[in-house]
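Asks: Pasting upload17.txt below, which is compact mmCIF, C-alpha atoms and all ligand atoms.
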```
# COMPACT_ATOMS: atom_id res chain seq x y z
CA MET A 1 103.72 111.68 85.46
CA ASP A 2 106.29 114.53 85.58
CA LEU A 3 107.28 116.27 88.81
CA TYR A 4 104.85 119.13 88.15
CA GLY A 5 101.97 116.66 87.74
CA PHE A 6 102.98 114.84 90.92
CA LEU A 7 103.19 118.07 92.97
CA LEU A 8 99.90 119.26 91.54
CA ARG A 9 97.93 116.15 92.37
CA HIS A 10 99.47 115.37 95.74
CA VAL A 11 100.15 118.81 97.19
CA LEU A 12 98.72 121.79 95.30
CA PHE A 13 95.25 120.40 94.63
CA ARG A 14 94.76 119.93 98.36
CA LEU A 15 95.01 123.69 98.84
CA ASP A 16 92.48 126.38 97.99
CA ALA A 17 92.62 127.18 94.26
CA GLU A 18 93.38 130.89 94.58
CA ALA A 19 95.90 130.34 97.41
CA THR A 20 97.72 127.85 95.14
CA HIS A 21 97.68 130.36 92.30
CA GLU A 22 99.16 133.05 94.54
CA PHE A 23 101.82 130.71 95.88
CA ILE A 24 102.98 129.62 92.41
CA LEU A 25 102.93 133.19 91.11
CA SER A 26 104.94 134.42 94.06
CA CYS A 27 107.56 131.69 93.35
CA LEU A 28 107.61 132.72 89.69
CA SER A 29 108.08 136.36 90.65
CA ARG A 30 111.42 135.34 92.19
CA PRO A 31 113.25 133.95 89.17
CA ARG A 32 116.34 133.08 91.20
CA LEU A 33 114.36 130.87 93.57
CA TRP A 34 112.64 128.83 90.91
CA SER A 35 115.46 128.76 88.37
CA PHE A 36 117.31 126.75 91.03
CA LEU A 37 114.55 124.09 90.74
CA GLY A 38 114.07 124.99 87.07
CA LYS A 39 114.66 121.99 84.86
CA ARG A 40 114.02 119.48 87.64
CA VAL A 41 110.45 120.65 88.13
CA PHE A 42 109.62 122.01 84.70
CA GLY A 43 111.77 120.00 82.29
CA SER A 44 113.77 121.26 79.31
CA PRO A 45 112.59 124.20 77.13
CA PRO A 46 110.47 123.57 74.02
CA GLN A 47 111.99 123.68 70.56
CA ASN A 48 111.92 126.99 68.70
CA ILE A 49 109.28 127.53 66.02
CA PRO A 50 110.02 131.11 64.95
CA LEU A 51 107.20 133.05 63.32
CA SER A 52 106.24 136.65 62.81
CA LEU A 53 102.79 138.15 63.12
CA PHE A 54 101.52 141.75 63.22
CA GLY A 55 105.08 143.00 63.14
CA LEU A 56 106.27 140.95 66.14
CA GLN A 57 108.66 138.00 66.24
CA PHE A 58 107.51 134.96 68.22
CA ARG A 59 109.86 132.12 69.12
CA ASN A 60 106.90 129.74 69.24
CA PRO A 61 103.12 130.11 68.85
CA VAL A 62 102.16 129.23 72.45
CA GLY A 63 101.27 132.13 74.71
CA LEU A 64 100.24 132.60 78.31
CA ALA A 65 96.59 133.72 78.36
CA ALA A 66 95.49 136.80 80.29
CA GLY A 67 94.45 136.51 83.91
CA MET A 68 97.35 134.42 85.22
CA ASP A 69 99.70 137.38 85.84
CA LYS A 70 97.35 140.32 86.21
CA ASN A 71 99.94 142.67 87.70
CA GLY A 72 102.92 141.61 85.61
CA ILE A 73 104.89 140.41 88.64
CA ALA A 74 106.37 137.30 86.98
CA LEU A 75 107.29 138.81 83.61
CA ARG A 76 110.78 137.37 83.55
CA SER A 77 109.59 133.85 84.21
CA TRP A 78 107.19 133.23 81.34
CA GLU A 79 109.86 133.01 78.69
CA LYS A 80 111.97 130.81 80.94
CA LEU A 81 109.05 128.39 81.17
CA GLY A 82 109.06 128.20 77.38
CA PHE A 83 106.20 130.48 76.33
CA GLY A 84 106.51 132.17 72.94
CA PHE A 85 104.65 135.23 74.26
CA ALA A 86 102.82 136.28 77.40
CA GLU A 87 99.77 138.43 77.99
CA ILE A 88 99.48 140.17 81.32
CA GLY A 89 96.39 141.78 82.88
CA THR A 90 93.52 142.23 82.76
CA VAL A 91 94.51 145.58 84.16
CA THR A 92 92.09 148.45 84.79
CA ALA A 93 92.64 152.20 85.07
CA VAL A 94 91.38 152.15 88.68
CA PRO A 95 92.89 149.58 91.09
CA GLN A 96 90.25 147.13 92.31
CA LEU A 97 89.91 144.23 94.73
CA GLY A 98 87.64 142.11 92.57
CA ASN A 99 84.81 139.95 93.88
CA PRO A 100 84.76 138.46 97.39
CA ARG A 101 86.53 135.09 97.86
CA PRO A 102 86.10 132.24 97.17
CA ARG A 103 86.03 133.13 93.48
CA LEU A 104 88.08 130.43 91.77
CA PHE A 105 86.90 126.80 91.62
CA ARG A 106 88.46 123.61 90.23
CA PHE A 107 86.55 120.86 88.45
CA PRO A 108 89.35 118.30 87.88
CA GLU A 109 86.97 115.62 86.58
CA LEU A 110 85.98 118.01 83.76
CA GLY A 111 89.41 119.55 83.19
CA ALA A 112 87.80 122.90 84.00
CA LEU A 113 87.89 125.97 86.19
CA VAL A 114 85.17 128.47 87.04
CA ASN A 115 86.24 131.95 88.05
CA ARG A 116 84.52 135.12 89.08
CA MET A 117 87.66 137.04 89.97
CA GLY A 118 86.25 140.39 88.76
CA PHE A 119 89.47 141.99 87.49
CA ASN A 120 91.30 142.10 90.83
CA ASN A 121 94.40 144.13 89.98
CA GLU A 122 96.65 146.91 91.25
CA GLY A 123 95.75 149.30 88.43
CA ALA A 124 97.44 150.58 85.28
CA TYR A 125 99.72 153.13 86.91
CA PRO A 126 101.55 150.76 89.33
CA LEU A 127 101.86 148.28 86.46
CA ALA A 128 103.44 150.97 84.26
CA LEU A 129 105.95 151.79 87.03
CA ARG A 130 106.80 148.11 87.53
CA MET A 131 107.38 147.66 83.82
CA GLU A 132 109.49 150.78 83.59
CA THR A 133 111.70 149.56 86.44
CA LEU A 134 112.13 146.18 84.76
CA ARG A 135 113.06 147.82 81.47
CA GLU A 136 115.60 150.08 83.16
CA SER A 137 117.16 147.09 84.91
CA GLY A 138 117.95 145.57 81.50
CA GLN A 139 116.00 142.42 82.35
CA TRP A 140 113.08 142.91 79.99
CA PRO A 141 111.94 139.58 78.49
CA THR A 142 112.87 138.77 74.92
CA ILE A 143 109.41 137.39 74.05
CA PRO A 144 106.52 139.69 73.04
CA ILE A 145 104.53 140.96 76.01
CA GLY A 146 100.86 141.78 75.51
CA ILE A 147 98.85 143.92 77.89
CA ASN A 148 95.18 143.12 78.31
CA ILE A 149 93.05 146.11 79.36
CA GLY A 150 89.59 146.04 80.94
CA LYS A 151 87.04 148.56 82.12
CA SER A 152 87.19 149.62 85.78
CA LYS A 153 84.08 148.46 87.62
CA ILE A 154 83.24 151.95 88.95
CA THR A 155 83.31 153.51 85.48
CA PRO A 156 79.85 153.60 83.89
CA LEU A 157 79.52 151.75 80.59
CA GLU A 158 78.87 155.05 78.74
CA SER A 159 82.36 156.24 79.77
CA ALA A 160 84.11 152.96 78.96
CA HIS A 161 86.04 154.60 76.09
CA THR A 162 87.78 157.09 78.40
CA ASP A 163 88.58 154.37 80.92
CA TYR A 164 90.21 152.09 78.29
CA LEU A 165 92.08 155.10 76.92
CA GLU A 166 93.55 155.95 80.31
CA SER A 167 95.07 152.48 80.73
CA PHE A 168 96.19 152.41 77.10
CA ARG A 169 98.03 155.74 77.45
CA LEU A 170 99.67 154.84 80.74
CA LEU A 171 100.92 151.50 79.43
CA HIS A 172 101.47 152.29 75.77
CA ALA A 173 105.26 152.45 76.00
CA HIS A 174 105.50 149.05 77.64
CA GLY A 175 103.32 146.54 75.80
CA ASP A 176 104.38 144.93 72.52
CA TYR A 177 100.68 144.49 71.76
CA PHE A 178 97.43 145.47 73.47
CA VAL A 179 94.16 143.63 73.94
CA LEU A 180 90.80 145.17 74.76
CA ASN A 181 88.98 142.76 76.99
CA ILE A 182 85.29 143.28 76.25
CA SER A 183 84.31 139.72 77.06
CA SER A 184 84.84 138.95 80.74
CA PRO A 185 81.58 137.74 82.27
CA ASN A 186 82.60 139.00 85.72
CA THR A 187 82.30 142.76 85.26
CA PRO A 188 78.64 143.77 85.04
CA GLY A 189 77.68 144.85 81.50
CA LEU A 190 81.18 144.43 80.06
CA ARG A 191 80.08 141.98 77.37
CA SER A 192 77.58 144.56 76.06
CA LEU A 193 80.65 146.46 74.80
CA GLN A 194 80.85 143.78 72.09
CA SER A 195 77.91 145.55 70.37
CA ILE A 196 79.07 147.56 67.39
CA GLU A 197 78.21 151.06 68.59
CA PRO A 198 80.08 151.06 71.94
CA LEU A 199 82.95 149.04 70.48
CA ALA A 200 83.37 151.47 67.57
CA LYS A 201 83.43 154.33 70.09
CA ILE A 202 86.20 152.69 72.14
CA LEU A 203 88.29 151.82 69.07
CA GLY A 204 87.82 155.32 67.61
CA THR A 205 88.89 156.91 70.90
CA LEU A 206 92.09 154.85 71.05
CA ARG A 207 92.85 155.52 67.38
CA ASP A 208 92.36 159.29 67.80
CA TRP A 209 94.97 159.29 70.55
CA GLU A 210 98.00 158.68 68.45
CA GLY A 211 100.47 156.76 70.52
CA SER A 212 103.82 156.58 68.82
CA PRO A 213 105.01 154.16 67.60
CA SER A 214 101.61 152.60 67.01
CA LYS A 215 101.20 149.21 68.68
CA PRO A 216 99.17 146.21 67.50
CA LEU A 217 95.69 146.32 69.03
CA LEU A 218 93.45 143.24 69.34
CA ILE A 219 90.09 142.53 70.92
CA LYS A 220 89.17 139.49 72.98
CA ILE A 221 85.71 138.11 72.40
CA ALA A 222 83.32 135.80 74.23
CA PRO A 223 82.49 132.30 73.00
CA ASP A 224 78.79 132.99 73.52
CA LEU A 225 78.29 135.39 70.59
CA ASP A 226 75.96 134.43 67.74
CA SER A 227 77.06 134.37 64.09
CA GLU A 228 75.48 137.76 63.33
CA ASN A 229 77.47 139.41 66.14
CA LEU A 230 80.66 137.67 65.01
CA ILE A 231 80.31 138.90 61.44
CA ALA A 232 79.64 142.48 62.60
CA ILE A 233 82.63 142.42 64.98
CA ALA A 234 84.99 140.97 62.36
CA LYS A 235 83.92 143.66 59.87
CA LEU A 236 84.49 146.43 62.39
CA CYS A 237 87.92 145.03 63.31
CA GLU A 238 88.89 145.08 59.63
CA GLN A 239 87.57 148.63 59.15
CA GLU A 240 89.50 149.81 62.21
CA ARG A 241 92.59 147.94 61.04
CA LEU A 242 92.96 145.98 64.25
CA ALA A 243 95.87 143.55 64.45
CA GLY A 244 93.70 140.58 65.31
CA ILE A 245 91.08 138.88 67.45
CA ILE A 246 91.51 136.63 70.50
CA ALA A 247 88.89 133.88 70.49
CA THR A 248 87.78 133.15 73.12
CA ASN A 249 87.30 134.18 76.72
CA THR A 250 85.46 131.98 79.25
CA THR A 251 81.87 130.84 78.68
CA LEU A 252 78.63 131.34 80.57
CA ASP A 253 77.36 127.99 79.28
CA HIS A 254 77.60 125.74 82.34
CA SER A 255 75.60 122.84 80.89
CA SER A 256 78.59 120.51 81.47
CA ILE A 257 78.51 121.07 85.26
CA SER A 258 75.96 119.44 87.55
CA SER A 259 73.81 122.13 89.12
CA SER A 260 74.53 120.93 92.68
CA ARG A 261 78.25 121.71 92.24
CA ASP A 262 78.00 124.72 89.96
CA GLU A 263 79.39 128.16 90.76
CA ILE A 264 78.68 131.54 89.20
CA GLY A 265 81.43 132.75 86.86
CA GLY A 266 83.20 132.09 83.58
CA LEU A 267 83.91 128.45 82.71
CA SER A 268 87.27 127.61 81.13
CA GLY A 269 89.07 124.43 80.11
CA GLN A 270 87.91 121.33 78.28
CA PRO A 271 84.15 122.04 78.27
CA LEU A 272 84.93 125.27 76.37
CA GLN A 273 87.12 123.69 73.72
CA GLN A 274 84.59 122.82 71.00
CA ARG A 275 82.73 126.11 71.27
CA SER A 276 85.95 128.09 71.03
CA ASN A 277 87.00 126.05 67.96
CA THR A 278 83.63 126.76 66.33
CA VAL A 279 84.04 130.51 66.89
CA ILE A 280 87.57 130.41 65.42
CA ARG A 281 86.33 128.47 62.38
CA GLN A 282 83.46 130.92 61.82
CA LEU A 283 85.80 133.89 62.16
CA ARG A 284 88.29 132.35 59.73
CA GLU A 285 85.52 132.00 57.14
CA ILE A 286 84.82 135.73 57.25
CA THR A 287 88.18 137.38 57.86
CA GLN A 288 91.88 137.06 57.15
CA LEU A 289 92.79 138.91 60.36
CA PRO A 290 95.19 137.06 62.66
CA ILE A 291 93.39 134.97 65.28
CA ILE A 292 94.78 133.91 68.66
CA GLY A 293 92.93 130.77 69.74
CA SER A 294 92.19 130.23 73.41
CA GLY A 295 89.92 127.77 75.18
CA GLY A 296 90.41 124.24 76.46
CA ILE A 297 93.84 123.35 75.09
CA PHE A 298 95.12 120.41 77.16
CA THR A 299 97.20 118.51 74.56
CA GLY A 300 99.17 119.05 71.36
CA ALA A 301 96.18 117.65 69.46
CA ASP A 302 93.90 120.27 71.02
CA ALA A 303 96.26 123.01 69.83
CA LEU A 304 96.38 121.43 66.39
CA ALA A 305 92.56 121.61 66.23
CA LYS A 306 92.81 125.35 66.92
CA PHE A 307 95.41 125.82 64.15
CA GLU A 308 93.29 123.78 61.76
CA ALA A 309 90.25 125.89 62.65
CA GLY A 310 92.26 128.97 61.63
CA ALA A 311 94.23 130.20 64.64
CA ASN A 312 97.67 131.71 63.98
CA LEU A 313 98.75 131.55 67.63
CA VAL A 314 97.29 129.88 70.71
CA GLN A 315 97.08 130.79 74.37
CA ILE A 316 96.72 128.52 77.38
CA TYR A 317 95.47 129.05 80.91
CA THR A 318 93.48 126.14 82.37
CA GLY A 319 95.51 123.48 80.53
CA PHE A 320 98.66 125.13 81.87
CA VAL A 321 97.29 124.95 85.42
CA TYR A 322 96.50 121.23 85.05
CA ARG A 323 99.54 120.18 83.01
CA GLY A 324 102.29 122.74 83.61
CA PRO A 325 105.03 123.66 81.12
CA ALA A 326 105.05 120.12 79.65
CA LEU A 327 102.02 121.29 77.66
CA ILE A 328 104.07 124.01 75.92
CA ARG A 329 106.69 121.43 74.93
CA GLU A 330 104.02 119.05 73.67
CA ILE A 331 102.45 121.71 71.43
CA CYS A 332 105.84 122.78 70.11
CA SER A 333 106.65 119.18 69.19
CA LEU A 334 103.77 119.01 66.71
CA PRO A 335 105.04 118.44 63.15
CA PRO A 336 106.11 121.81 61.64
CA ARG A 337 103.33 121.70 59.02
CA SER A 338 100.77 121.94 61.87
CA PHE A 339 101.50 125.58 62.53
CA PHE A 340 100.99 127.50 59.34
CA VAL A 341 97.80 125.97 57.98
C1 LIG B 1 91.18 132.20 86.83
C2 LIG B 1 91.06 132.83 85.48
C3 LIG B 1 91.21 134.20 85.36
C4 LIG B 1 91.09 134.79 84.10
N1 LIG B 1 91.26 136.14 84.00
C5 LIG B 1 91.22 136.72 82.78
C6 LIG B 1 91.46 138.10 82.64
O1 LIG B 1 91.74 138.81 83.61
N2 LIG B 1 91.39 138.63 81.40
C7 LIG B 1 91.12 137.88 80.29
O2 LIG B 1 91.09 138.41 79.17
N3 LIG B 1 90.90 136.55 80.39
C8 LIG B 1 90.94 135.96 81.60
N4 LIG B 1 90.74 134.62 81.71
C9 LIG B 1 90.41 133.84 80.49
C10 LIG B 1 91.66 133.17 79.93
O3 LIG B 1 92.60 134.11 79.51
C11 LIG B 1 91.29 132.28 78.72
O4 LIG B 1 90.92 133.09 77.62
C12 LIG B 1 90.17 131.31 79.01
O5 LIG B 1 90.29 130.78 80.30
C13 LIG B 1 90.10 130.17 78.00
O6 LIG B 1 91.31 129.46 77.94
P1 LIG B 1 91.62 128.12 78.80
O7 LIG B 1 90.49 127.18 78.57
O8 LIG B 1 92.95 127.67 78.29
O9 LIG B 1 91.66 128.55 80.22
C14 LIG B 1 90.83 134.00 82.95
C15 LIG B 1 90.69 132.62 83.08
C16 LIG B 1 90.80 132.03 84.32
C17 LIG B 1 90.64 130.54 84.44
```
How does the structure come out when it is put into structure tokens?
Replies:
Amino acid sequence: MDLYGFLLRHVLFRLDAEATHEFILSCLSRPRLWSFLGKRVFGSPPQNIPLSLFGLQFRNPVGLAAGMDKNGIALRSWEKLGFGFAEIGTVTAVPQLGNPRPRLFRFPELGALVNRMGFNNEGAYPLALRMETLRESGQWPTIPIGINIGKSKITPLESAHTDYLESFRLLHAHGDYFVLNISSPNTPGLRSLQSIEPLAKILGTLRDWEGSPSKPLLIKIAPDLDSENLIAIAKLCEQERLAGIIATNTTLDHSSISSSRDEIGGLSGQPLQQRSNTVIRQLREITQLPIIGSGGIFTGADALAKFEAGANLVQIYTGFVYRGPALIREICSLPPRSFFV
């Protein structure tokens, strides 16, 4: 067991899940503090596997999934930990507190988490200011930074397009790519935006506002869509010339958890893995658009299954919580032919 694994099991897992998350993130937001511990805790960086996708250069195909750094406070640390790209957010136009605590739950025996955070974030404007300051300081990361945008809870679903546009405009200069999160289960009605009519309206609204230079735009979908929905979404993404699709967000299928221990929210981690792979495989059969695979990656072999299903890049969240940066190194040590299947 590496030092991260030891600390996790014997110290961090004894604390409340969200308090642990906040503690780690606050350490990571002070790069000087943790770079002192750096290699001793996190080990050496992964090998480079350079690749380019939707006009961006990635030093490896392993990204940080959205939700870990909602306010972009640890931007300088993700590349130091070895990630090939990092996605921050979900950020909303209006700052919001999210759902009442507790709202994050560990299921170590399943390799899973359940969360009902509800897009707790400081809002798009403070994030834009923070990013501007970082850019001006000359310390901007060298890896691609994606910004994941969601709908503010107070905005009615009919006005979702204007709400997404507001965040997109405020942050346009700062993200290397953007993701529309229409698949979180923790904002009432959000997943209904995966229907073609509202989604087309949001995409059309963003396209009509011509940010310059234009930035790659992706959508992030739920694992709980049926094949008909998937086909319709993939077609629309092609028509709208989106840069790609992130598959998938957390699931509402809690059949792997015993009802006495269950919690309301999105389930992530190992129980999601097969379903996410199925969605990626189905998408790959119907489209050539780039796919970022997310859901239940805990080992190099799990990442390989995503690449074989058709993913071009992968993202990790729950596996990163349970395994730390060793997981990035393990994925990057797969044989080179694993990556460009
Ligand atoms: C605590 C937590 C918070 C999350 N927050 C977000 C979020 O704000 N936006 C988003 O698009 N996905 C969010 N996700 C979903 C992850 O980005 C990821 O897509 C999902 O958990 C599946 O990957 P995993 O099994 O590696 O965790 C969150 C996941 C967790 C566990």
Asks: Counting only C-alpha atoms and all ligand atoms, which residues of chain A fall within 6 Å of ligand LIG 1 (chain B), and what is the closest atom pair for each with its distance in Å at one decimal, ordered by chain and rising number, as CSV?
Replies:
```
residue,atom,partner,partner_atom,distance
A:Ala65,CA,B:LIG1,O3,4.2
A:Ala66,CA,B:LIG1,O3,4.0
A:Gly67,CA,B:LIG1,N1,3.2
A:Gly89,CA,B:LIG1,O1,5.6
A:Thr90,CA,B:LIG1,O1,3.9
A:Leu113,CA,B:LIG1,C17,5.6
A:Asn115,CA,B:LIG1,C1,5.1
A:Phe119,CA,B:LIG1,O1,5.5
A:Asn181,CA,B:LIG1,O2,5.3
A:Thr248,CA,B:LIG1,O4,5.5
A:Asn249,CA,B:LIG1,O4,3.9
A:Thr250,CA,B:LIG1,C12,4.8
A:Ser268,CA,B:LIG1,O7,4.1
A:Gly269,CA,B:LIG1,O7,3.5
A:Ser294,CA,B:LIG1,O6,4.7
A:Gly295,CA,B:LIG1,O7,3.5
A:Gly296,CA,B:LIG1,O7,3.6
A:Ile297,CA,B:LIG1,O8,5.4
A:Ile316,CA,B:LIG1,O8,4.0
A:Tyr317,CA,B:LIG1,O8,3.9
A:Thr318,CA,B:LIG1,O9,3.7
A:Gly319,CA,B:LIG1,O8,5.4
```
Asks: Which is closest to Phe320 of chain A among A:Ala247, A:Leu81, A:Ala124, A:Leu75, if we use all atoms listed in the file?
Replies: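 Closest candidate: A:Leu81.
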Asks: Find, counting only C-alpha atoms, the residue in A:Ser183, A:Ser260, A:Ser167, A:Thr155 that gets nearest to Ile245 of chain A.
Replies: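 Selected residue with least distance to Ile245 of chain A: A:Ser183.
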Asks: Using all atoms listed in the file, find the one residue out of A:Leu180, A:Leu267, A:Ile143, A:Leu8 that sits nearest to Ala112 of chain A.
Replies: A:Leu267
Asks: Could you tell me how far atom CA of Val91 of chain A sits from atom CA of Arg14 of chain A, in Å to one decimal place?
Replies: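 About the pair atom CA of Arg14 of chain A and atom CA of Val91 of chain A: they are 29.3 Å apart.
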Asks: I need every residue sitting at most 12 Å from the point (83.2, 147.1, 63.3) (coordinates as in the file, only C-alpha atoms considered), written as a compact mmCIF listing (two decimals) with C-alpha atoms, in the frame of the given file.
Replies:
```txt
# COMPACT_ATOMS: atom_id res chain seq x y z
CA LEU A 193 80.65 146.46 74.80
CA GLN A 194 80.85 143.78 72.09
CA SER A 195 77.91 145.55 70.37
CA ILE A 196 79.07 147.56 67.39
CA GLU A 197 78.21 151.06 68.59
CA PRO A 198 80.08 151.06 71.94
CA LEU A 199 82.95 149.04 70.48
CA ALA A 200 83.37 151.47 67.57
CA LYS A 201 83.43 154.33 70.09
CA ILE A 202 86.20 152.69 72.14
CA LEU A 203 88.29 151.82 69.07
CA GLY A 204 87.82 155.32 67.61
CA ILE A 219 90.09 142.53 70.92
CA ASN A 229 77.47 139.41 66.14
CA LEU A 230 80.66 137.67 65.01
CA ILE A 231 80.31 138.90 61.44
CA ALA A 232 79.64 142.48 62.60
CA ILE A 233 82.63 142.42 64.98
CA ALA A 234 84.99 140.97 62.36
CA LYS A 235 83.92 143.66 59.87
CA LEU A 236 84.49 146.43 62.39
CA CYS A 237 87.92 145.03 63.31
CA GLU A 238 88.89 145.08 59.63
CA GLN A 239 87.57 148.63 59.15
CA GLU A 240 89.50 149.81 62.21
CA ARG A 241 92.59 147.94 61.04
CA LEU A 242 92.96 145.98 64.25
```
Asks: Could you tell me how far atom CA of Ala309 of chain A sits from atom CA of Val114 of chain A, in Å to one decimal place?
Replies: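 Computing it gives 25.0 Å between the two atoms.
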Asks: Calculate how many Å separate atom CA of Asn99 of chain A from atom CA of Tyr177 of chain A, rounding to one decimal.
Replies: 27.6 Å
Asks: So which one's closest to Thr287 of chain A, A:Gly300, A:Glu79, A:Ser29, A:Ala311? Using all atoms listed in the file, please.
Replies: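 Selected residue with least distance to Thr287 of chain A: A:Ala311.
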Asks: Which neighbours of segment 108-110 of chain A fall inside 9 Å, counting all atoms listed in the file, when residues of the same chain fewer than 6 positions from it are skipped, and could you give them as a PyMOL selection string?
Replies: chain A and resi 256-257+269-271+322
Asks: With a distance cut-off of 7 Å and all atoms listed in the file, select the neighbouring residues of Gln315 of chain A, excluding the residue or stretch itself and same-chain residues fewer than 5 positions from it, and output the selection as a list of chain:residue names.
Replies: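 Residues meeting the cut-off are A:Val62, A:Gly63, A:Leu64, A:Ala65, A:Ile292, A:Gly293, A:Ser294.
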Asks: Output segment 97-103 of chain A with all heavy atoms present, as a compact mmCIF listing (two decimals), keeping the file's coordinate frame.
Replies:
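out05.txt was written with the following content:
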```
# COMPACT_ATOMS: atom_id res chain seq x y z
N LEU A 97 89.71 145.47 93.97
CA LEU A 97 89.91 144.23 94.73
C LEU A 97 89.30 143.02 94.06
O LEU A 97 89.65 141.89 94.37
CB LEU A 97 89.30 144.39 96.13
CG LEU A 97 89.97 145.39 97.04
CD1 LEU A 97 89.16 145.60 98.32
CD2 LEU A 97 91.38 144.90 97.39
N GLY A 98 88.35 143.24 93.18
CA GLY A 98 87.64 142.11 92.57
C GLY A 98 86.52 141.63 93.47
O GLY A 98 86.19 142.27 94.48
N ASN A 99 85.95 140.49 93.13
CA ASN A 99 84.81 139.95 93.88
C ASN A 99 85.29 139.30 95.18
O ASN A 99 86.46 138.94 95.30
CB ASN A 99 84.08 138.92 93.02
CG ASN A 99 83.36 139.59 91.86
OD1 ASN A 99 82.76 140.65 92.03
ND2 ASN A 99 83.44 138.99 90.69
N PRO A 100 84.37 139.13 96.15
CA PRO A 100 84.76 138.46 97.39
C PRO A 100 85.19 137.01 97.13
O PRO A 100 84.69 136.38 96.20
CB PRO A 100 83.47 138.48 98.24
CG PRO A 100 82.48 139.30 97.52
CD PRO A 100 82.96 139.55 96.13
N ARG A 101 86.10 136.49 97.96
CA ARG A 101 86.53 135.09 97.86
C ARG A 101 85.51 134.20 98.58
O ARG A 101 84.88 134.68 99.53
CB ARG A 101 87.90 134.92 98.52
CG ARG A 101 88.97 135.72 97.83
CD ARG A 101 90.28 135.39 98.49
NE ARG A 101 91.35 136.27 97.99
CZ ARG A 101 92.62 135.93 97.93
NH1 ARG A 101 93.01 134.73 98.33
NH2 ARG A 101 93.53 136.76 97.50
N PRO A 102 85.40 132.94 98.24
CA PRO A 102 86.10 132.24 97.17
C PRO A 102 85.54 132.65 95.81
O PRO A 102 84.35 132.92 95.68
CB PRO A 102 85.80 130.76 97.45
CG PRO A 102 84.50 130.78 98.20
CD PRO A 102 84.47 132.05 98.98
N ARG A 103 86.45 132.66 94.81
CA ARG A 103 86.03 133.13 93.48
C ARG A 103 86.72 132.35 92.36
O ARG A 103 86.65 132.73 91.20
CB ARG A 103 86.32 134.63 93.36
CG ARG A 103 87.75 134.98 93.72
CD ARG A 103 87.95 136.46 93.92
NE ARG A 103 89.34 136.75 94.27
CZ ARG A 103 89.82 137.95 94.46
NH1 ARG A 103 89.04 139.01 94.35
NH2 ARG A 103 91.08 138.12 94.76
```
